[in-house]
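J.: Structure supplied as entry36.cif; contents: mmCIF, C-alpha atoms and all ligand atoms.
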data_target
loop_
_atom_site.label_atom_id
_atom_site.label_comp_id
_atom_site.auth_asym_id
_atom_site.auth_seq_id
_atom_site.Cartn_x
_atom_site.Cartn_y
_atom_site.Cartn_z
CA MET C 826 66.33 115.84 108.62
CA ALA C 827 69.97 115.17 107.89
CA GLN C 828 71.23 115.29 104.33
CA LEU C 829 71.34 111.77 102.79
CA VAL C 830 72.13 112.52 99.14
CA TYR C 831 75.54 113.92 98.20
CA GLU C 832 77.35 115.04 95.08
CA TYR C 833 80.63 113.45 94.01
CA ASP C 834 82.69 116.58 94.72
CA GLU C 835 81.22 116.95 98.19
CA LEU C 836 82.28 113.45 99.22
CA LEU C 837 85.85 114.16 98.10
CA ALA C 838 86.10 117.61 99.70
CA ASP C 839 89.05 118.30 102.00
CA HIS C 840 89.07 120.37 105.15
CA ASP C 841 90.53 123.84 104.93
CA TYR C 842 93.79 122.76 106.57
CA ALA C 843 95.75 125.21 108.70
CA GLU C 844 98.90 123.35 107.69
CA PRO C 845 99.62 120.86 104.89
CA HIS C 846 100.95 117.37 105.67
CA ILE C 847 104.61 117.44 104.64
CA VAL C 848 107.26 115.04 105.98
CA ALA C 849 110.87 114.87 104.81
CA GLY C 850 110.01 117.25 102.00
CA ARG C 851 107.28 114.98 100.62
CA ARG C 852 103.72 116.28 100.27
CA LEU C 853 101.31 113.77 101.83
CA HIS C 854 97.53 113.70 102.00
CA GLY C 855 95.45 115.08 104.83
CA GLY C 856 96.64 118.00 106.91
CA PHE C 857 96.55 119.69 110.27
CA LEU C 858 93.74 121.70 111.79
CA ALA C 859 94.37 124.95 113.67
CA ASP C 860 94.66 123.02 116.97
CA GLY C 861 97.40 120.81 115.48
CA THR C 862 95.39 117.61 115.15
CA TYR C 863 95.84 115.49 112.03
CA GLN C 864 92.71 115.46 109.86
CA PRO C 865 92.39 112.69 107.24
CA PRO C 866 91.85 113.66 103.59
CA ARG C 867 88.42 113.95 101.95
CA THR C 868 86.54 113.91 105.26
CA LEU C 869 84.94 117.37 105.40
CA VAL C 870 81.64 115.96 104.13
CA ARG C 871 82.40 112.22 103.99
CA GLU C 872 82.49 111.79 107.78
CA PRO C 873 79.26 113.66 108.58
CA ALA C 874 77.67 111.82 105.63
CA LEU C 875 78.67 108.44 107.11
CA ALA C 876 77.18 109.53 110.45
CA ALA C 877 73.93 110.59 108.74
CA TRP C 878 73.65 107.26 106.85
CA GLU C 879 74.43 105.29 110.02
CA GLU C 880 71.72 107.19 111.86
CA ALA C 881 69.21 106.62 109.04
CA LEU C 882 70.06 102.89 109.02
CA ARG C 883 69.42 102.68 112.77
CA GLU C 884 66.11 104.52 112.33
CA ARG C 885 65.09 101.84 109.82
CA GLY C 886 65.89 99.19 112.44
CA GLY C 887 69.26 98.13 111.05
CA GLU C 888 72.81 98.72 112.23
CA PRO C 889 76.31 98.90 110.80
CA PHE C 890 77.94 95.46 110.46
CA ALA C 891 79.35 94.59 113.88
CA ALA C 892 82.60 92.91 112.80
CA ASN C 893 85.90 94.22 114.15
CA ALA C 894 89.59 93.38 113.97
CA ASN C 895 89.44 91.17 117.09
CA LEU C 896 88.24 88.31 114.92
CA LEU C 897 91.77 88.06 113.49
CA ASP C 898 93.55 88.19 116.84
CA GLY C 899 95.44 84.90 116.57
CA VAL C 900 99.22 84.76 117.07
CA ARG C 901 101.05 86.21 114.10
CA PHE C 902 104.41 85.13 112.76
CA PRO C 903 106.93 86.52 113.37
CA THR C 904 105.81 87.88 116.75
CA ILE C 905 106.83 91.34 117.95
CA PRO C 906 109.52 89.90 120.31
CA GLN C 907 110.88 87.84 117.41
CA GLN C 908 111.05 90.87 115.15
CA LEU C 909 112.77 92.86 117.89
CA ALA C 910 115.26 90.02 118.40
CA LEU C 911 116.24 90.20 114.71
CA LEU C 912 116.67 93.98 114.84
CA ARG C 913 118.78 93.80 118.00
CA HIS C 914 121.05 91.32 116.21
CA GLY C 915 121.44 93.73 113.32
CA LEU C 916 119.29 91.71 110.93
CA ASP C 917 117.12 94.63 109.82
CA GLN C 918 116.21 93.50 106.32
CA PRO C 919 113.04 91.49 107.18
CA PHE C 920 111.41 94.51 108.86
CA TRP C 921 112.44 96.71 105.93
CA ASN C 922 110.84 94.15 103.59
CA THR C 923 107.65 94.22 105.67
CA LEU C 924 107.43 98.00 105.43
CA THR C 925 108.02 97.78 101.67
CA PHE C 926 105.34 95.09 101.23
CA VAL C 927 102.82 97.16 103.15
CA ALA C 928 103.55 100.26 101.06
CA LYS C 929 103.09 98.29 97.84
CA ILE C 930 99.89 96.62 99.03
CA GLU C 931 98.53 100.06 99.95
CA ALA C 932 99.43 101.27 96.44
CA LYS C 933 97.25 98.52 94.98
CA GLY C 934 94.29 100.11 96.79
CA ALA C 935 94.30 102.77 94.08
CA PHE C 936 92.39 100.29 91.91
CA LEU C 937 89.31 101.02 94.04
CA SER C 938 88.89 104.19 92.03
CA MET C 939 88.72 102.18 88.82
CA LEU C 940 86.45 99.43 90.10
CA PRO C 941 83.24 99.07 88.11
CA VAL C 942 80.31 99.04 90.54
CA PRO C 943 77.52 96.72 89.34
CA ASP C 944 74.00 98.10 89.04
CA LEU C 945 73.02 97.74 92.69
CA SER C 946 69.78 99.66 92.30
CA ALA C 947 68.59 96.98 89.85
CA ALA C 948 69.78 94.13 92.10
CA ILE C 949 68.21 95.50 95.29
CA ALA C 950 64.46 95.65 95.88
CA GLU C 951 64.53 98.88 97.92
CA ASP C 952 65.54 102.40 96.84
CA ILE C 953 69.21 102.95 97.78
CA SER C 954 69.59 106.54 96.61
CA GLU C 955 69.66 107.87 100.19
CA MET C 956 72.16 105.27 101.42
CA ALA C 957 75.94 104.96 101.45
CA ILE C 958 75.75 102.05 99.00
CA GLY C 959 73.92 104.40 96.63
CA HIS C 960 77.05 106.58 96.67
CA LEU C 961 79.76 103.97 96.09
CA ASP C 962 80.33 105.11 92.51
CA ARG C 963 79.51 108.70 93.41
CA GLY C 964 82.64 109.44 95.39
CA LEU C 965 82.94 106.90 98.19
CA LEU C 966 85.10 104.29 96.42
CA ASP C 967 87.15 106.98 94.70
CA ALA C 968 87.84 108.62 98.05
CA HIS C 969 88.89 105.27 99.52
CA GLY C 970 91.15 104.50 96.54
CA LEU C 971 92.82 107.91 96.72
CA ASP C 972 93.42 107.44 100.46
CA GLU C 973 95.30 104.21 99.74
CA GLY C 974 97.15 104.97 96.55
CA GLY C 975 97.46 108.75 96.67
CA ASN C 976 97.02 111.26 93.91
CA PRO C 977 100.22 111.21 91.84
CA ALA C 978 98.72 113.66 89.33
CA LEU C 979 98.66 116.31 92.06
CA GLY C 980 101.92 115.15 93.64
CA ILE C 981 100.13 114.21 96.86
CA GLY C 982 101.16 110.93 98.47
CA GLY C 983 98.65 108.52 100.01
CA HIS C 984 99.28 105.53 102.25
CA ASP C 985 101.80 103.93 99.91
CA GLU C 986 103.95 107.06 99.93
CA MET C 987 103.47 107.50 103.69
CA TRP C 988 104.91 104.02 104.31
CA PHE C 989 107.88 104.68 102.03
CA VAL C 990 108.53 107.97 103.85
CA ALA C 991 108.29 106.23 107.24
CA ARG C 992 110.62 103.41 106.12
CA ASP C 993 113.22 105.73 104.62
CA LEU C 994 113.22 107.95 107.71
CA VAL C 995 114.20 104.98 109.86
CA TYR C 996 116.58 103.25 107.44
CA GLY C 997 117.83 106.00 105.18
CA PRO C 998 117.33 105.72 101.39
CA ASP C 999 117.94 102.47 99.47
CA ALA C 1000 118.89 100.48 102.56
CA HIS C 1001 118.03 97.13 100.93
CA PRO C 1002 117.12 95.77 97.48
CA ASP C 1003 113.53 96.39 96.43
CA VAL C 1004 111.03 93.55 96.99
CA GLU C 1005 107.54 92.69 95.75
CA PRO C 1006 104.73 91.39 97.99
CA ASP C 1007 103.03 88.03 97.45
CA ASP C 1008 99.51 88.06 96.14
CA ASN C 1009 97.76 86.19 98.92
CA ILE C 1010 95.90 88.89 100.82
CA ALA C 1011 92.42 88.28 99.38
CA ARG C 1012 90.69 84.94 99.08
CA GLU C 1013 90.79 83.81 95.48
CA ASP C 1014 88.11 81.34 94.61
CA SER C 1015 85.63 80.95 91.81
CA THR C 1016 83.16 78.89 93.89
CA ARG C 1017 79.68 80.40 93.94
CA HIS C 1018 78.75 80.97 97.58
CA LEU C 1019 75.58 82.93 96.76
CA PRO C 1020 74.21 81.09 93.71
CA GLU C 1021 70.74 82.59 94.10
CA ILE C 1022 71.90 86.05 92.97
CA GLY C 1023 73.81 87.28 89.92
CA ARG C 1024 77.50 86.50 89.70
CA GLU C 1025 78.62 90.11 89.48
CA ILE C 1026 76.66 91.03 92.62
CA GLU C 1027 78.25 88.14 94.52
CA GLU C 1028 81.65 89.22 93.25
CA PHE C 1029 80.98 92.73 94.49
CA PHE C 1030 79.91 91.48 97.94
CA SER C 1031 83.04 89.36 97.97
CA PHE C 1032 85.13 92.39 97.15
CA LEU C 1033 83.62 94.46 100.00
CA ALA C 1034 83.98 91.64 102.55
CA ASN C 1035 87.57 90.83 101.50
CA LEU C 1036 88.45 94.50 101.72
CA LEU C 1037 87.11 94.65 105.28
CA VAL C 1038 89.26 91.66 106.27
CA ILE C 1039 92.29 93.34 104.69
CA GLU C 1040 91.54 96.52 106.65
CA PHE C 1041 91.34 94.46 109.87
CA ARG C 1042 94.64 92.80 109.12
CA ALA C 1043 96.11 96.23 108.46
CA GLU C 1044 94.81 97.53 111.78
CA ILE C 1045 96.60 94.75 113.68
CA GLY C 1046 99.77 94.82 111.60
CA PHE C 1047 100.12 98.62 111.75
CA ALA C 1048 99.77 98.64 115.55
CA GLU C 1049 102.54 96.02 115.74
CA THR C 1050 104.73 98.10 113.47
CA GLN C 1051 104.30 101.07 115.78
CA THR C 1052 105.29 98.97 118.80
CA ILE C 1053 108.49 97.96 117.01
CA LEU C 1054 109.29 101.51 115.87
CA ARG C 1055 108.72 102.81 119.39
CA SER C 1056 110.90 100.20 121.12
CA PRO C 1057 113.81 102.21 122.60
CA ASP C 1058 116.44 99.50 122.04
CA VAL C 1059 116.14 99.27 118.25
CA PHE C 1060 117.14 101.90 115.65
CA THR C 1061 119.10 103.43 118.53
CA ASP C 1062 120.99 105.86 116.27
CA ARG C 1063 117.75 107.10 114.68
CA ARG C 1064 115.30 107.28 117.58
CA ALA C 1065 113.80 110.66 116.56
CA GLU C 1066 113.20 109.39 113.02
CA ALA C 1067 111.68 106.15 114.34
CA GLU C 1068 109.28 108.16 116.52
CA THR C 1069 108.28 110.30 113.53
CA ALA C 1070 107.74 107.14 111.48
CA ALA C 1071 105.47 105.76 114.22
CA GLU C 1072 103.56 109.05 114.11
CA ILE C 1073 103.07 108.71 110.34
CA VAL C 1074 101.71 105.20 110.92
CA GLU C 1075 99.34 106.68 113.51
CA ARG C 1076 97.99 109.04 110.82
CA ILE C 1077 97.53 106.10 108.43
CA ARG C 1078 95.63 104.24 111.16
CA THR C 1079 93.42 107.28 111.67
CA ASP C 1080 92.60 107.25 107.94
CA GLU C 1081 91.94 103.49 107.99
CA ARG C 1082 89.33 103.81 110.73
CA ILE C 1083 87.14 105.64 108.20
CA HIS C 1084 87.58 102.72 105.78
CA VAL C 1085 86.47 100.18 108.37
CA ARG C 1086 83.57 102.41 109.36
CA SER C 1087 82.53 102.77 105.69
CA LEU C 1088 82.71 99.04 104.96
CA ASN C 1089 80.78 98.16 108.11
CA LEU C 1090 78.13 100.64 107.00
CA TYR C 1091 77.94 99.24 103.44
CA LEU C 1092 77.57 95.67 104.73
CA GLY C 1093 75.10 96.79 107.42
CA GLU C 1094 72.94 98.51 104.81
CA LEU C 1095 73.08 95.46 102.54
CA ARG C 1096 72.13 93.15 105.41
CA HIS C 1097 69.00 95.20 105.96
CA LEU C 1098 67.85 95.14 102.32
CA HIS C 1099 66.44 92.52 99.95
CA LEU C 1100 68.27 91.21 96.92
CA ARG C 1101 66.47 90.10 93.77
CA THR C 1102 67.13 86.44 93.07
CA ASN C 1103 67.76 84.84 89.69
CA ASP C 1104 64.38 83.07 89.83
CA GLY C 1105 62.42 86.33 90.24
CA GLY C 1106 62.08 86.23 94.03
CA GLN C 1107 63.82 88.08 96.83
CA VAL C 1108 66.22 87.11 99.60
CA PRO C 1109 67.08 89.14 102.74
CA GLY C 1110 70.54 90.66 102.50
CA HIS C 1111 71.56 89.34 105.91
CA VAL C 1112 71.12 85.75 104.69
CA LEU C 1113 73.61 86.38 101.89
CA ILE C 1114 76.06 88.62 103.72
CA ASP C 1115 76.22 86.41 106.82
CA ARG C 1116 76.73 83.23 104.78
CA PHE C 1117 79.49 84.83 102.74
CA TRP C 1118 81.11 86.49 105.74
CA ASN C 1119 81.22 83.32 107.84
CA GLY C 1120 82.94 81.44 105.03
CA LEU C 1121 85.42 84.24 104.55
CA VAL C 1122 86.19 84.50 108.27
CA HIS C 1123 86.93 80.78 108.37
CA TRP C 1124 89.39 81.27 105.53
CA ALA C 1125 90.92 84.38 107.12
CA THR C 1126 91.29 82.94 110.62
CA VAL C 1127 92.08 79.28 109.92
CA GLU C 1128 93.16 78.51 106.37
CA GLN C 1129 95.07 81.61 105.30
CA PRO C 1130 97.19 82.08 108.48
CA ARG C 1131 98.30 78.45 108.29
CA LEU C 1132 99.28 78.88 104.65
CA VAL C 1133 101.14 82.13 105.21
CA ALA C 1134 102.83 81.14 108.48
CA ALA C 1135 104.40 77.96 107.07
CA ASP C 1136 105.69 79.87 104.08
CA THR C 1137 107.00 82.84 106.05
CA ARG C 1138 108.65 80.63 108.67
CA GLN C 1139 110.57 78.74 106.03
CA ARG C 1140 111.81 81.90 104.33
CA MET C 1141 112.67 83.56 107.65
CA TYR C 1142 114.83 80.60 108.73
CA GLU C 1143 116.60 80.60 105.38
CA ARG C 1144 117.28 84.32 105.66
CA ILE C 1145 118.64 83.99 109.21
CA ALA C 1146 120.88 81.10 108.14
CA ARG C 1147 122.60 83.37 105.61
CA GLU C 1148 123.98 85.60 108.39
CA SER C 1149 127.51 84.88 109.63
CA ASP C 1150 126.17 84.58 113.20
CA GLY C 1151 123.03 82.82 111.98
CA LYS C 1152 123.11 80.20 114.72
CA ALA C 1153 123.01 82.80 117.51
CA ILE C 1154 120.27 84.78 115.77
CA ARG C 1155 118.21 81.65 115.20
CA ALA C 1156 118.50 80.77 118.91
CA ALA C 1157 117.45 84.29 119.96
CA PHE C 1158 114.62 84.26 117.42
CA ASP C 1159 113.24 80.91 118.62
CA ALA C 1160 113.65 81.90 122.28
CA ALA C 1161 111.60 85.07 121.63
CA ALA C 1162 108.65 83.08 120.22
FE FE C 1201 95.60 102.18 103.68
FE FE C 1202 92.27 101.26 104.01
#
Let me see whether you can do it: turn the structure in this file into structure tokens.

T.:
Amino acid sequence: MAQLVYEYDELLADHDYAEPHIVAGRRLHGGFLADGTYQPPRTLVREPALAAWEEALRERGGEPFAANANLLDGVRFPTIPQQLALLRHGLDQPFWNTLTFVAKIEAKGAFLSMLPVPDLSAAIAEDISEMAIGHLDRGLLDAHGLDEGGNPALGIGGHDEMWFVARDLVYGPDAHPDVEPDDNIAREDSTRHLPEIGREIEEFFSFLANLLVIEFRAEIGFAETQTILRSPDVFTDRRAEAETAAEIVERIRTDERIHVRSLNLYLGELRHLHLRTNDGGQVPGHVLIDRFWNGLVHWATVEQPRLVAADTRQRMYERIARESDGKAIRAAFDAAA
């Protein structure tokens, strides 16, 4: 019988790395095993624990939530060819801004460690002590938050720092003025979608589902970033640095796969349980999760892209127009669409 109950410290335990993860003199999380492979941080016990909980869920007749990043696979703006066209014309600020936005959004993930988890054991009819969702405030969310935002107290950089290192390798330090990301990555709405359960439980479900969508968007965006970094005709005077930057992004993607796996497991467990309703009854978790998820997916695939694309397009055209050869760049940009 596999272990299903874990202590906080176990779920945050690192591998005994053969080599620390250091790039450009900056200490980053994770490390390298004796065979040279990159091993994400805090996975010595966390990964086998996820496997054990997944197995237990399947034995109960459930399964991890089946969603994957393909659901967001619409055309993004700007496209990879458009971004490459800008770089070839020497307009390298938009891509620098993108890398900076991503780093700062990753940094916000640190709040996961501070997130108050509502009393799920009171809200759920079944015993959750041997499930992943019974360990959210016993290491799992802290581990996730540290992956994203790093551990400044120990001087170890997480994803935010990894993006800054990757960006500065390719561009050199202080290449452009600092920028702040917009706050439109999670759906903000105060509408009750699951009125039959307590507000704080709905808000927590909303948080988990939004986080999964953000992880999917990251998966797609990070792969695109790698394609750009690995294109031989851009950053031609810093090809080695661009390749290293793409490698750092690969390590981030490796870390993120554990986040997607965790969130799919949490939602899969919740779907297979029963929630206590406000009127003293019970409702199957899949009724709630599926209703919420379908609404969120509509927002993430239809409403939000439309909102963001119109906004980004406008700003991109304005930025291009400020260049002395703006007309030529605009033509190349539109032709690449
Ligand atoms: Fe991340
Ligand atoms: Fe993540």

J.: Could you give me the residues within 7 Å of ligand FE 1202 (chain C), counting all atoms listed in the file, as a list of chain:residue names?

T.: C:His969, C:Glu973, C:Glu1040, C:Glu1081, C:His1084

J.: Deliver the residues from the most recent selection as a file, using C-alpha atoms, as a PDB file, in the coordinates of the input.

T.:
ATOM      1  CA  HIS C 969      88.890 105.270  99.520  1.00  0.00           C
ATOM      2  CA  GLU C 973      95.300 104.210  99.740  1.00  0.00           C
ATOM      3  CA  GLU C1040      91.540  96.520 106.650  1.00  0.00           C
ATOM      4  CA  GLU C1081      91.940 103.490 107.990  1.00  0.00           C
ATOM      5  CA  HIS C1084      87.580 102.720 105.780  1.00  0.00           C
TER       6      HIS C1084
END

J.: What residues of the protein or nucleic acid chains come within 12 Å of ligand FE 1201 (chain C) when you use only C-alpha atoms and all ligand atoms? Reply as a PyMOL selection string.

T.: chain C and resi 854+865+927-935+937+968-975+982-988+1036-1037+1039-1044+1046-1047+1073-1085

J.: Figure out the distance between CA of Leu909 (chain C) and CA of Ala1160 (chain C), please, to one decimal in Å.

T.: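 Calculated distance between CA of Ala1160 (chain C) and CA of Leu909 (chain C) is 11.8 Å.
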
J.: For each of C:Val1133, C:Leu1121, C:Ala1161, C:Ala859, take the minimum atom-to-atom distance to Glu1013 (chain C), counting all atoms listed in the file, then give the residue where this is smallest.

T.: C:Leu1121

J.: I'd like the interatomic distance between CA of Glu1066 (chain C) and CA of Val995 (chain C), to a tenth of an Å.

T.: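 So the two atoms, CA of Glu1066 (chain C) and CA of Val995 (chain C), lie 5.5 Å apart.
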
J.: Show me the residues close to (77.2, 110.4, 103.4) - anything with an atom within 9 Å, counting all atoms listed in the file - and format the list as JSON, numbers by chain.

T.: {"C": [828, 829, 830, 831, 836, 870, 871, 872, 873, 874, 875, 876, 877, 878, 879, 955, 956, 957, 960, 965]}

J.: One decimal, in Å: what's the spacing between CA of Arg852 (chain C) and CA of Ile981 (chain C)?

T.: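 Separation between CA of Arg852 (chain C) and CA of Ile981 (chain C): 5.4 Å.
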
J.: Applying 12 Å and only C-alpha atoms, which residues near Arg1055 (chain C) remain after dropping the ones on its own chain fewer than 4 positions away? List them as JSON, numbers by chain.

T.: {"C": [905, 909, 995, 1048, 1049, 1050, 1051, 1059, 1060, 1061, 1063, 1064, 1065, 1066, 1067, 1068, 1069, 1070, 1071, 1072, 1074, 1075]}

J.: Which neighbours of Ala1157 (chain C) fall inside 9 Å, counting all atoms listed in the file, when residues of the same chain fewer than 5 positions from it are skipped, and could you give them as a short mmCIF file (atom, residue, chain, number, x, y, z; two decimals) with C-alpha atoms, in the coordinates of the input?

T.:
data_model
loop_
_atom_site.label_atom_id
_atom_site.label_comp_id
_atom_site.auth_asym_id
_atom_site.auth_seq_id
_atom_site.Cartn_x
_atom_site.Cartn_y
_atom_site.Cartn_z
CA GLN C 907 110.88 87.84 117.41
CA ALA C 910 115.26 90.02 118.40
CA LEU C 911 116.24 90.20 114.71
CA HIS C 914 121.05 91.32 116.21
CA LYS C 1152 123.11 80.20 114.72
CA ALA C 1162 108.65 83.08 120.22
#

J.: So which one's closest to Asn895 (chain C), C:Leu961, C:Leu1090, C:Leu869, C:Val1122? Using all atoms listed in the file, please.

T.: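 The shortest atom-to-atom distance to Asn895 (chain C) comes from C:Val1122.
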
J.: Which of these, C:Ala991, C:Leu1088, C:Ala1000, C:Ala1135, has the shortest distance to Pro889 (chain C) once you count all atoms listed in the file?

T.: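 Checking each candidate against Pro889 (chain C), we get C:Leu1088 as the closest.
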
J.: For Ala1034 (chain C), please output as JSON, numbers by chain all residues within 12 Å (counting only C-alpha atoms; exclusion window: fewer than 2 positions along the same chain).

T.: {"C": [890, 892, 1011, 1012, 1027, 1028, 1029, 1030, 1031, 1032, 1036, 1037, 1038, 1039, 1040, 1041, 1085, 1087, 1088, 1089, 1090, 1091, 1092, 1093, 1095, 1113, 1114, 1115, 1116, 1117, 1118, 1119, 1120, 1121, 1122, 1125]}

J.: Please provide the set of residues having any atom within 8 Å of region 840-848 of chain C, restricted to all atoms listed in the file, with same-chain residues fewer than 3 positions apart removed, written as a ChimeraX atom specification.

T.: /C:851-859,864,866-869,990
